[in-house]
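Visitor: I have a structure I would like to understand better, so I am pasting it below and will then ask my questions one at a time.
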Amino acid sequence: MILQDTKRLVIKVGSALLIDNTSHEIKDNWIETLCADIADLKRDGVEIVIVSSGAIGAGRSVLKQGTKTLRLEEKQAAAAAGQIRLTNIWQEKFVAHEIVLAQILLTPSDTEQRRRHLNARNTIETLLGLGSIPIINENDTVTTEEIRFGDNDRLAARVAQMIIADTLVLLSDIDGLYTADPRKDSTAEFIDEVSEITPDIKNMASEAAPGNSSGGMVTKLAAAEIATRAGCQVIIADGRPKHSLARLGLEGRFTRFIPIETSSNARKRWIAGAVSHAGVLTIDEGAVKALGTGGSLLPAGINNVEGSFERGDTVIVSDLKGKRLGCGICAYSAADVRMIAGRKSGDIEELLGYQGRDEIIHRDDLVLED
Ligand code: GLU
């Protein structure tokens with residue numbers, strides 16, 4: 001499955017999928033199947049952020065605004081009424097999976113200004129750390145045309161960049177990128193992989209079809225550009241069939257944009273930039289050598305454990321003389337590392353009563369200092 005190596009995922013769900021074009025009602029059953037797919041991924045350890053559109057579309061129906069073009073203040077009113085309804089439905093579906101949903105409404109300044117960006121990032125990180133799923137939309141009630149993203153494709157890309165996600169999935173009403181708009185041109189050919197977003201690629205994109213969509217392929221490519229530059233792979237896939245997330249890579253096709261830097265580099269930059277560390281692992285000479293040749297940190301090499309930390313926390317790694325060698329994400333809690341320190345990976349299950357990873361810090365999760 002295409003998402004098998006994904007650790008942190010942003011899923012953007014477009015209005016066209018969430019709101020029925022004729023009745024303007026929120027597609028309750030469709031959301032339910034997506035939530036089931038998301039819950040499965042979360043159980044597999046993937047951290048997930050949802051960027052959900054649909055507030056304005058849902059508000060139109062709640063406020064009985066019909067299909068006319070809305071003025072700014074009418075759109076803002078629609079978003080206010082629709083957002084609460086939309087989040088309620090998402091929340092209701094996740095309750096069945098015992099998942100806590102947390103709503104965040106952002107304006108462009110929250111992603112573009114450093115201080116606010118850091119604030120938003122910390123909140124999302126904290127929510128992920130607490131095991132919840134942040135659900136994000138643009139704060140459409142306070143944004144005006146000049147200062148809004150206007151489309152959630154780019155918002156989702158900025159969020160993916162902000163939290164160093166390794167995958168951004170844009171679920172849409174089209175299965176991916178074509179050489180031309182397949183709705184208008186029958187010779188349009190499907191493109192399953194894009195390694196570089198060249199001007200030729202951009203020329204292939206068309207604007208959104210009428211209805212509830214905002215962005216079309218133009219903003220999807222802009223989003224892909226932002227995210228791939230941040231080391232995040234981007235997948236555009238057809239979200240219309242039920243369980244489209246679970247089907248991804250198994251059935252149907254999709255377009256994948258290859259990240260410009262590898263996600264592990266981006267992840268490593270993020271690990272290296274950690275502002276605080278929850279503990280220190282002191283390692284023996286054999287382990288120092290193993291790390292120096294690109295190996296992972298195994299329990300056998302741990303000499304001492306300081307601090308109190310949980311699985312997934314960033315810890316410092318030092319040698320026996322106390323020299324700091326680097327830092328990394330620990331796959332076990334401090335209490336568990338103390339139990340398995342100095343022992344073979346094969347003994348982990350017997351010592352802890354469960355079979356965790358063989359490595360205390362996997363080499364992908366480790367950054368050594370020069
Ligand atoms: N933020 C808008 C809404 O929730 C949607 C933007 C988009 O569809 O990309 O209605």
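In the structure tokens, each chain is lettered A, B, ... as it comes, each chain's residues begin at 1, and ligands are numbered from 1 in order of appearance.
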If you run DSSP on this backbone, which residues of segment 72-186 of chain A come out as strand (DSSP E), and could you give them as a PyMOL selection string?
Guide: chain A and resi 101-106+133-138+167-172+177-178
Visitor: Keeping N, CA and C atoms for every residue in the selection just given, could you write it to a file as a compact mmCIF listing (two decimals), in the first residue's frame?
Guide:
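Final output, saved to result-v1.txt:
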# COMPACT_ATOMS: atom_id res chain seq x y z
N LEU A 101 -11.51 14.42 18.27
CA LEU A 101 -11.27 15.35 17.17
C LEU A 101 -11.06 16.74 17.76
N ALA A 102 -10.15 17.51 17.18
CA ALA A 102 -9.89 18.85 17.72
C ALA A 102 -9.88 19.85 16.57
N GLN A 103 -10.73 20.85 16.66
CA GLN A 103 -10.89 21.77 15.52
C GLN A 103 -9.93 22.96 15.58
N ILE A 104 -9.31 23.25 14.44
CA ILE A 104 -8.44 24.43 14.33
C ILE A 104 -8.84 25.19 13.07
N LEU A 105 -9.14 26.47 13.23
CA LEU A 105 -9.47 27.31 12.08
C LEU A 105 -8.33 28.28 11.86
N LEU A 106 -7.78 28.28 10.66
CA LEU A 106 -6.59 29.09 10.39
C LEU A 106 -6.86 30.18 9.35
N ILE A 133 -7.01 13.78 16.63
CA ILE A 133 -6.89 14.13 15.21
C ILE A 133 -7.31 15.59 15.05
N PRO A 134 -6.37 16.46 14.71
CA PRO A 134 -6.76 17.84 14.43
C PRO A 134 -7.51 17.91 13.10
N ILE A 135 -8.60 18.67 13.10
CA ILE A 135 -9.34 18.88 11.85
C ILE A 135 -9.29 20.39 11.58
N ILE A 136 -8.83 20.73 10.38
CA ILE A 136 -8.49 22.13 10.09
C ILE A 136 -9.32 22.63 8.91
N ASN A 137 -9.71 23.89 9.00
CA ASN A 137 -10.31 24.57 7.84
C ASN A 137 -9.80 26.00 7.88
N GLU A 138 -10.01 26.68 6.79
CA GLU A 138 -9.70 28.10 6.81
C GLU A 138 -10.76 28.79 7.67
N THR A 167 3.39 12.70 4.02
CA THR A 167 2.46 12.49 2.91
C THR A 167 1.28 13.45 3.01
N LEU A 168 0.93 14.01 1.88
CA LEU A 168 -0.29 14.82 1.78
C LEU A 168 -1.19 14.15 0.74
N VAL A 169 -2.38 13.77 1.17
CA VAL A 169 -3.33 13.17 0.22
C VAL A 169 -4.41 14.19 -0.06
N LEU A 170 -4.59 14.54 -1.32
CA LEU A 170 -5.66 15.45 -1.71
C LEU A 170 -6.77 14.59 -2.29
N LEU A 171 -7.81 14.37 -1.50
CA LEU A 171 -8.93 13.57 -2.00
C LEU A 171 -9.84 14.50 -2.78
N SER A 172 -10.12 14.09 -4.00
CA SER A 172 -10.79 15.00 -4.91
C SER A 172 -11.91 14.27 -5.67
N LEU A 177 -3.91 13.73 -12.12
CA LEU A 177 -3.56 14.72 -13.13
C LEU A 177 -3.61 14.09 -14.53
N TYR A 178 -4.15 14.85 -15.47
CA TYR A 178 -4.20 14.42 -16.87
C TYR A 178 -3.45 15.44 -17.73
Visitor: Please give the complete set of residues from segment 125-346 of chain A that DSSP, run on the backbone, assigns to helix (DSSP H, G or I), formatted as a ChimeraX atom specification.
Guide: /A:125-129,145-147,152-162,199-203,216-229,244-247,263-272,285-292,299-301,334-340,345-346
Visitor: With C-alpha atoms retained, could you export that selection as an mmCIF file, in the first residue's frame?
Guide:
data_model
loop_
_atom_site.group_PDB
_atom_site.id
_atom_site.type_symbol
_atom_site.label_atom_id
_atom_site.label_comp_id
_atom_site.auth_asym_id
_atom_site.auth_seq_id
_atom_site.Cartn_x
_atom_site.Cartn_y
_atom_site.Cartn_z
ATOM 1 C CA GLU A 125 1.993 18.863 17.570
ATOM 2 C CA THR A 126 0.500 18.836 21.074
ATOM 3 C CA LEU A 127 -2.801 17.496 19.817
ATOM 4 C CA LEU A 128 -1.032 14.758 17.853
ATOM 5 C CA GLY A 129 1.024 13.920 20.925
ATOM 6 C CA GLU A 145 -11.101 37.828 -0.502
ATOM 7 C CA GLU A 146 -7.745 39.595 -0.354
ATOM 8 C CA ILE A 147 -6.522 37.744 2.696
ATOM 9 C CA ASN A 152 -7.926 24.275 1.046
ATOM 10 C CA ASP A 153 -5.392 22.618 -1.283
ATOM 11 C CA ARG A 154 -2.749 25.206 -0.521
ATOM 12 C CA LEU A 155 -3.836 25.470 3.109
ATOM 13 C CA ALA A 156 -3.330 21.701 3.433
ATOM 14 C CA ALA A 157 0.105 21.988 1.809
ATOM 15 C CA ARG A 158 1.145 24.722 4.240
ATOM 16 C CA VAL A 159 -0.060 22.602 7.137
ATOM 17 C CA ALA A 160 1.872 19.589 5.792
ATOM 18 C CA GLN A 161 4.972 21.745 5.538
ATOM 19 C CA MET A 162 4.426 23.231 8.988
ATOM 20 C CA PRO A 199 5.829 24.725 -16.626
ATOM 21 C CA ASP A 200 4.589 21.975 -18.998
ATOM 22 C CA ILE A 201 2.967 20.190 -16.086
ATOM 23 C CA LYS A 202 1.375 23.435 -14.888
ATOM 24 C CA ASN A 203 -0.076 24.016 -18.350
ATOM 25 C CA GLY A 216 -9.450 22.609 -9.396
ATOM 26 C CA MET A 217 -6.141 21.224 -10.626
ATOM 27 C CA VAL A 218 -4.420 24.623 -10.584
ATOM 28 C CA THR A 219 -4.436 24.887 -6.804
ATOM 29 C CA LYS A 220 -3.675 21.173 -6.455
ATOM 30 C CA LEU A 221 -0.478 21.672 -8.421
ATOM 31 C CA ALA A 222 0.358 24.762 -6.361
ATOM 32 C CA ALA A 223 -0.174 22.642 -3.246
ATOM 33 C CA ALA A 224 1.955 19.831 -4.671
ATOM 34 C CA GLU A 225 4.720 22.316 -5.344
ATOM 35 C CA ILE A 226 4.702 23.650 -1.763
ATOM 36 C CA ALA A 227 4.558 20.227 -0.167
ATOM 37 C CA THR A 228 7.058 18.373 -2.371
ATOM 38 C CA ARG A 229 9.584 21.151 -1.778
ATOM 39 C CA SER A 244 -11.151 5.596 -0.974
ATOM 40 C CA LEU A 245 -8.322 5.925 1.525
ATOM 41 C CA ALA A 246 -8.194 2.202 2.267
ATOM 42 C CA ARG A 247 -8.301 1.499 -1.477
ATOM 43 C CA SER A 263 10.980 12.666 3.726
ATOM 44 C CA SER A 264 13.638 11.281 6.048
ATOM 45 C CA ASN A 265 15.757 14.390 5.434
ATOM 46 C CA ALA A 266 12.834 16.604 6.284
ATOM 47 C CA ARG A 267 12.109 14.476 9.290
ATOM 48 C CA LYS A 268 15.741 14.618 10.331
ATOM 49 C CA ARG A 269 15.729 18.383 10.072
ATOM 50 C CA TRP A 270 12.735 18.398 12.335
ATOM 51 C CA ILE A 271 14.380 15.992 14.815
ATOM 52 C CA ALA A 272 17.544 18.092 14.833
ATOM 53 C CA GLU A 285 31.861 2.187 22.356
ATOM 54 C CA GLY A 286 30.486 -0.590 20.185
ATOM 55 C CA ALA A 287 27.258 1.348 19.703
ATOM 56 C CA VAL A 288 29.171 4.565 18.935
ATOM 57 C CA LYS A 289 30.949 2.675 16.124
ATOM 58 C CA ALA A 290 27.708 1.189 14.840
ATOM 59 C CA LEU A 291 26.037 4.606 14.681
ATOM 60 C CA GLY A 292 29.116 6.039 12.943
ATOM 61 C CA PRO A 299 19.285 -2.111 23.262
ATOM 62 C CA ALA A 300 22.613 -3.936 23.632
ATOM 63 C CA GLY A 301 24.549 -0.674 23.261
ATOM 64 C CA ALA A 334 12.364 5.480 29.608
ATOM 65 C CA ALA A 335 11.023 2.746 31.878
ATOM 66 C CA ASP A 336 11.107 0.204 29.052
ATOM 67 C CA VAL A 337 14.587 1.238 27.860
ATOM 68 C CA ARG A 338 15.841 0.694 31.423
ATOM 69 C CA MET A 339 14.428 -2.850 31.310
ATOM 70 C CA ILE A 340 16.035 -3.790 27.997
ATOM 71 C CA SER A 345 16.800 -7.241 20.657
ATOM 72 C CA GLY A 346 15.633 -10.872 20.626
#
Visitor: Could you give me, as an MDAnalysis selection string, the residues within 8 Å of Ile174 of chain A, counting only C-alpha atoms and dropping anything in the same chain fewer than 2 positions from it?
Guide: chainID A and resid 172 176 237:239
Visitor: Can I get the selection written as an mmCIF file, in the first residue's frame, with all heavy atoms?
Guide:
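Ended up saving to part_6.cif:
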data_model
loop_
_atom_site.group_PDB
_atom_site.id
_atom_site.type_symbol
_atom_site.label_atom_id
_atom_site.label_comp_id
_atom_site.auth_asym_id
_atom_site.auth_seq_id
_atom_site.Cartn_x
_atom_site.Cartn_y
_atom_site.Cartn_z
ATOM 1 N N SER A 172 -10.124 14.092 -4.004
ATOM 2 C CA SER A 172 -10.795 15.000 -4.906
ATOM 3 C C SER A 172 -11.908 14.273 -5.670
ATOM 4 O O SER A 172 -12.145 13.087 -5.446
ATOM 5 C CB SER A 172 -9.729 15.527 -5.870
ATOM 6 O OG SER A 172 -10.295 16.320 -6.842
ATOM 7 N N GLY A 176 -6.762 12.139 -10.540
ATOM 8 C CA GLY A 176 -5.371 12.577 -10.600
ATOM 9 C C GLY A 176 -5.178 13.599 -11.706
ATOM 10 O O GLY A 176 -6.129 14.219 -12.173
ATOM 11 N N ALA A 237 -6.002 11.766 -5.398
ATOM 12 C CA ALA A 237 -6.761 10.542 -5.643
ATOM 13 C C ALA A 237 -8.250 10.843 -5.645
ATOM 14 O O ALA A 237 -8.690 11.833 -5.072
ATOM 15 C CB ALA A 237 -6.444 9.511 -4.568
ATOM 16 N N ASP A 238 -8.970 9.934 -6.283
ATOM 17 C CA ASP A 238 -10.423 10.071 -6.365
ATOM 18 C C ASP A 238 -11.031 9.666 -5.028
ATOM 19 O O ASP A 238 -10.910 8.518 -4.595
ATOM 20 C CB ASP A 238 -10.931 9.147 -7.485
ATOM 21 C CG ASP A 238 -12.398 9.393 -7.787
ATOM 22 O OD1 ASP A 238 -13.033 10.200 -7.079
ATOM 23 O OD2 ASP A 238 -12.904 8.779 -8.739
ATOM 24 N N GLY A 239 -11.683 10.615 -4.381
ATOM 25 C CA GLY A 239 -12.272 10.315 -3.080
ATOM 26 C C GLY A 239 -13.722 9.877 -3.193
ATOM 27 O O GLY A 239 -14.343 9.573 -2.175
#
Visitor: Output as a tab-separated table one row per residue of chain A within 8 Å of ligand 1: the closest atom pair and its distance in Å to one decimal place, counting only C-alpha atoms and all ligand atoms, sorted by chain and residue number ascending.
Guide:
residue	atom	partner	partner_atom_place_in_ligand_line	distance
A:Gly14	CA	ligand 1	8 (O)	5.5
A:Ser15	CA	ligand 1	8 (O)	5.0
A:Ala16	CA	ligand 1	8 (O)	7.7
A:Ser52	CA	ligand 1	4 (O)	6.6
A:Ser53	CA	ligand 1	4 (O)	3.6
A:Gly54	CA	ligand 1	10 (O)	4.1
A:Ala55	CA	ligand 1	4 (O)	3.7
A:Ile56	CA	ligand 1	10 (O)	3.7
A:Gly57	CA	ligand 1	10 (O)	5.6
A:Ala58	CA	ligand 1	10 (O)	7.6
A:Ala79	CA	ligand 1	10 (O)	6.2
A:Gly82	CA	ligand 1	10 (O)	7.9
A:Gln83	CA	ligand 1	4 (O)	7.1
A:Asn137	CA	ligand 1	1 (N)	5.6
A:Glu138	CA	ligand 1	1 (N)	4.8
A:Asn139	CA	ligand 1	1 (N)	7.2
A:Asp140	CA	ligand 1	1 (N)	6.0
A:Phe149	CA	ligand 1	6 (C)	7.9
A:Gly150	CA	ligand 1	6 (C)	5.5
A:Asp151	CA	ligand 1	9 (O)	3.3
A:Asn152	CA	ligand 1	9 (O)	3.6
A:Asp153	CA	ligand 1	9 (O)	5.8
A:Asn212	CA	ligand 1	8 (O)	7.0
A:Ser213	CA	ligand 1	8 (O)	5.2
A:Ser214	CA	ligand 1	8 (O)	4.4
A:Gly215	CA	ligand 1	9 (O)	5.7
Visitor: Which residue, A:Asp181, A:Asp110, A:Asp319, A:Glu251, has the smallest gap to Ile2 of chain A when you use only C-alpha atoms?
Guide: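 Once distances to Ile2 of chain A are computed over only C-alpha atoms, the minimum belongs to A:Glu251.
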Visitor: Considering only C-alpha atoms, state which residue in the set A:Gln65, A:Arg183, A:Ile164, A:Asn29 is at the smallest distance from Gly231 of chain A.
Guide: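 Among the listed residues, the smallest separation from Gly231 of chain A belongs to A:Ile164.
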Visitor: Might you pull out every residue within 6 Å of segment 45-49 of chain A, with only C-alpha atoms counted and same-chain residues fewer than 2 positions away left off, and present them as a list in words?
Guide: Lys7, Arg8, Leu9, Val10, Leu41, Lys42, Arg43, Ile133 and Pro134 of chain A
Visitor: Suppose you want the space between atom CA of Thr6 of chain A and atom CA of Phe257 of chain A; what is it in Å?
Guide: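 Computing it gives 14.5 Å between the two atoms.
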